[in-house]
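Everything below concerns the one structure shown next.
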Amino acid sequence: MSVIRSAVTGVGSFLPEQVVTNADLAKIVDTSDEWIVERTGIRQRHKARDDQPTSDLAVEAARRALSDAGRTPQDVDLIVVATTTPDMTFPSVASIVQRKLGVPTCIAFDVQAVCSGFVYALSVADGFVARGNARCALVIGAEEMTRLMDWTDRSTCVLFGDGAGAVVVESREGQGTKADRGLLGFALRCDGSKTDLLYVDGGPATTGSVGHLRMAGNQVFRHAVVNIAEAITACCQTSGIEIADVDWFVPHQANQRIIKGVGDRLGLDEDKVISTVAMHANTSAASIPLALDAAIQDGRIKRGDLVLAEAMGGGLTWGACAFRL
């Protein structure tokens with residue numbers, strides 16, 4: 001029996017030009033390249049210009065994804081942007097992206113699940129495309145996390161960077177099996193009782209300011225390894241796949257220790273794990289599509305491969321998805 005799947009037909013990413021190395025950070029905060037690499041695996045991150053808002057990064061990633069899919073802005077009828085650093089409180093980054101790209105009147109809105117945002121946004125797009133309510137969707141993860149940094153806090157400012165990644169999602173006919181090309185399954189979670197572990201200490205309805213990112217790193221690490229592994233197991237069950245079926249694991253690029261911890265817990269072959277955290281640090285909702293695009297561009301991930309992705313962020317939110325590219 002044939003079914004309609006939502007399939008990723010194009011992938012693109014964009015990083016701002018400015019690179020901030022660990023040595024650069026050591027000039028403004030008490031840290032060192034050795035300290036950062038040992039604890040996180042991060043060697044550098046990208047930083048947007050002052051006149052380069054999140055929507056600019058999103059637009060560049062979207063253009064590349066559309067080109068990869070062989071589509072134009074005129075084909076798009078849904079834009080979902082995952083971000084925690086919008087240009088302004090409103091309108092949404094998605095609506096600004098629509099204007100800048102020249103997309104005709106369509107559905108456009110943002111999703112806020114912090115680092116889990118791309119997985120959440122992908123599931124939202126799946127709900128539109130697989131049910132015939134959209135034909136060609138842009139799903140974008142775009143962040144300027146450096147805007148939220150307290151540059152005197154070495155435990156957080158060394159971890160984050162700016163960037164954007166995007167995918168085009170379109171409907172494809174399948175047979176309802178794990179061999180189908182398309183999105184196969186999701187597992188999404190949130191535990192609001194853990195909001196104090198990772199948050200920004202400001203907002204329009206509290207302080208009237210943007211605020212800075214605060215994190216209880218050790219506790220987030222413990223929750224990440226256990227909870228992400230559970231979500232991945234649930235996602236695999238929903239998708240009808242086994243861990244052994246997975247060709248590539250594309251985790252949220254938060255910290256190399258978390259990536260390794262999750263991989264070890266699941267028994268994943270290290271050679272199947274995509275890690276780009278060293279080059280762009282934690283870009284929150286942008287990190288999965290950035291890593292996905294990097295692995296496609298260097299020839300590791302190919303059409304037809306089965307990909308498993310996961311993320312965890314403030315909320316605490318977390319989730320996983322499986323798809324065949």
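Every chain in the structure tokens takes a letter, A first, then B, and so on in the order presented; its residues are numbered from 1, and the ligands are numbered from 1 following the presented order.
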Range 126-317 of chain A: which residues are strand (DSSP E or B) by DSSP, as an MDAnalysis selection string? chainID A and resid 136:144 160 162:174 182:190 198:200 213:215 248:251 273 282 306:313 317
Once you have the residues from the selection above, write them out as a compact mmCIF listing (two decimals), in the first residue's frame, restricted to C-alpha atoms.
```txt
# COMPACT_ATOMS: atom_id res chain seq x y z
CA CYS A 136 7.36 22.57 -0.66
CA ALA A 137 8.54 23.51 2.82
CA LEU A 138 11.65 25.31 4.01
CA VAL A 139 12.74 24.15 7.46
CA ILE A 140 15.51 26.34 8.84
CA GLY A 141 17.54 26.29 12.03
CA ALA A 142 19.19 29.69 12.49
CA GLU A 143 20.88 31.10 15.57
CA GLU A 144 23.13 33.89 16.78
CA PHE A 160 28.39 28.66 21.48
CA ASP A 162 26.38 31.46 15.16
CA GLY A 163 25.15 29.76 12.01
CA ALA A 164 22.21 28.45 10.00
CA GLY A 165 21.18 25.28 8.25
CA ALA A 166 18.14 24.54 6.11
CA VAL A 167 16.37 21.69 4.39
CA VAL A 168 13.68 21.56 1.73
CA VAL A 169 10.88 19.11 2.55
CA GLU A 170 8.56 17.81 -0.18
CA SER A 171 6.08 14.97 -0.48
CA ARG A 172 7.16 11.64 -1.94
CA GLU A 173 5.24 8.41 -2.44
CA GLY A 174 6.45 5.39 -0.52
CA GLY A 182 11.53 10.38 3.69
CA LEU A 183 10.85 11.15 7.34
CA LEU A 184 10.19 7.84 9.09
CA GLY A 185 9.52 8.81 12.70
CA PHE A 186 9.99 11.18 15.61
CA ALA A 187 10.15 11.18 19.41
CA LEU A 188 9.78 14.62 21.04
CA ARG A 189 9.99 15.37 24.76
CA CYS A 190 9.94 18.26 27.26
CA LEU A 198 19.54 25.95 30.99
CA TYR A 199 17.92 29.33 30.41
CA VAL A 200 18.37 33.00 29.52
CA LEU A 213 22.54 32.36 28.83
CA ARG A 214 22.95 30.46 32.11
CA MET A 215 23.62 26.75 32.40
CA TRP A 248 24.72 7.88 9.95
CA PHE A 249 24.09 9.44 13.34
CA VAL A 250 23.84 13.26 13.19
CA PRO A 251 23.61 14.53 16.78
CA VAL A 273 28.82 9.53 14.02
CA ASN A 282 27.10 24.76 19.66
CA LEU A 306 19.33 6.18 6.74
CA VAL A 307 20.01 9.10 9.09
CA LEU A 308 19.26 9.37 12.80
CA ALA A 309 19.34 12.84 14.38
CA GLU A 310 18.84 14.05 17.95
CA ALA A 311 19.04 17.15 20.10
CA MET A 312 18.53 18.47 23.62
CA GLY A 313 18.06 22.07 24.71
CA THR A 317 13.41 19.86 25.46
```
So, with only C-alpha atoms as the atoms that count, which of A:Ser239, A:Thr83, A:Asn227, A:Thr283 lies closest to Ala179 in chain A? A:Ser239
Out of A:Gln256, A:Thr177, A:Ser55, A:Asn218, which residue has the shortest atom-to-atom distance to Thr238 in chain A when counting only C-alpha atoms?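 Closest candidate: A:Thr177.
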Selected residue of minimal separation from Asp247 in chain A among A:Arg265, A:Lys272, A:Lys47, A:Arg131, counting only C-alpha atoms: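 Distance minimum relative to Asp247 in chain A lands on A:Lys272.
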Find the residue from A:Asp305, A:Leu290, A:Gly314, A:Ser193 that sits nearest to Gly217 in chain A; use only C-alpha atoms when measuring.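 Of the candidates, the smallest distance to Gly217 in chain A is held by A:Gly314.
With CA of Ala23 in chain A on one side and CA of Gly161 in chain A on the other, the separation reads 15.0 Å.
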Would you mind telling me which residue in A:Thr72, A:Ser275, A:Asn133, A:Ser116 lies nearest to Val103 in chain A when using only C-alpha atoms?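 Checking each candidate against Val103 in chain A, we get A:Thr72 as the closest.
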Per DSSP on the backbone, filter range 166-219 of chain A down to the residues in helix (DSSP H, G or I) and report them as a list in words. Gly192, Ser193, Lys194, Thr195, Asp196, Leu197, Gly217, Asn218 and Gln219 of chain A
Residues near Asp126 in chain A, cut-off 7 Å, only C-alpha atoms, skip fewer than 4 positions along chain, as a list in words: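 Close residues of Asp126 in chain A: Ser6, Leu122 and Ala130 of chain A.
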C-alpha atoms of the current selection, written as a PDB file, in the first residue's frame:
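To be explicit, this is the file written out as out38.pdb:
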```
ATOM      1  CA  SER A   6       7.726  13.990   3.695  1.00  0.00           C
ATOM      2  CA  LEU A 122      11.002  19.180  11.047  1.00  0.00           C
ATOM      3  CA  ALA A 130       2.630  14.526   4.518  1.00  0.00           C
TER       4      ALA A 130
END
```
Fewer than 3 positions away in the same chain doesn't count, so skip those; otherwise give me all residues within 10 Å of Pro86 in chain A, counting only C-alpha atoms, as a ChimeraX atom specification. /A:53-55,81-83,89-94,110,112,142-144
Between CA of Gly211 in chain A and CA of Leu148 in chain A, what is the distance, to one decimal in Å?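 A separation of 6.6 Å between them.
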Val119 in chain A surroundings by only C-alpha atoms, 7 Å radius, close-in-sequence under 4 positions cut, as a PyMOL selection string: chain A and resi 123+319-321
Residues within 8 Å of Glu60 in chain A, please, as a list in words. Count only C-alpha atoms; anything in the same chain fewer than 3 positions from it doesn't count. Ser13, Phe14, Asp56, Leu57, Arg63 and Arg64 of chain A
Record the distance separating CA of Cys106 in chain A and CA of Ala134 in chain A, expressed in Å with one decimal.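 CA of Ala134 in chain A lies 9.2 Å from CA of Cys106 in chain A.
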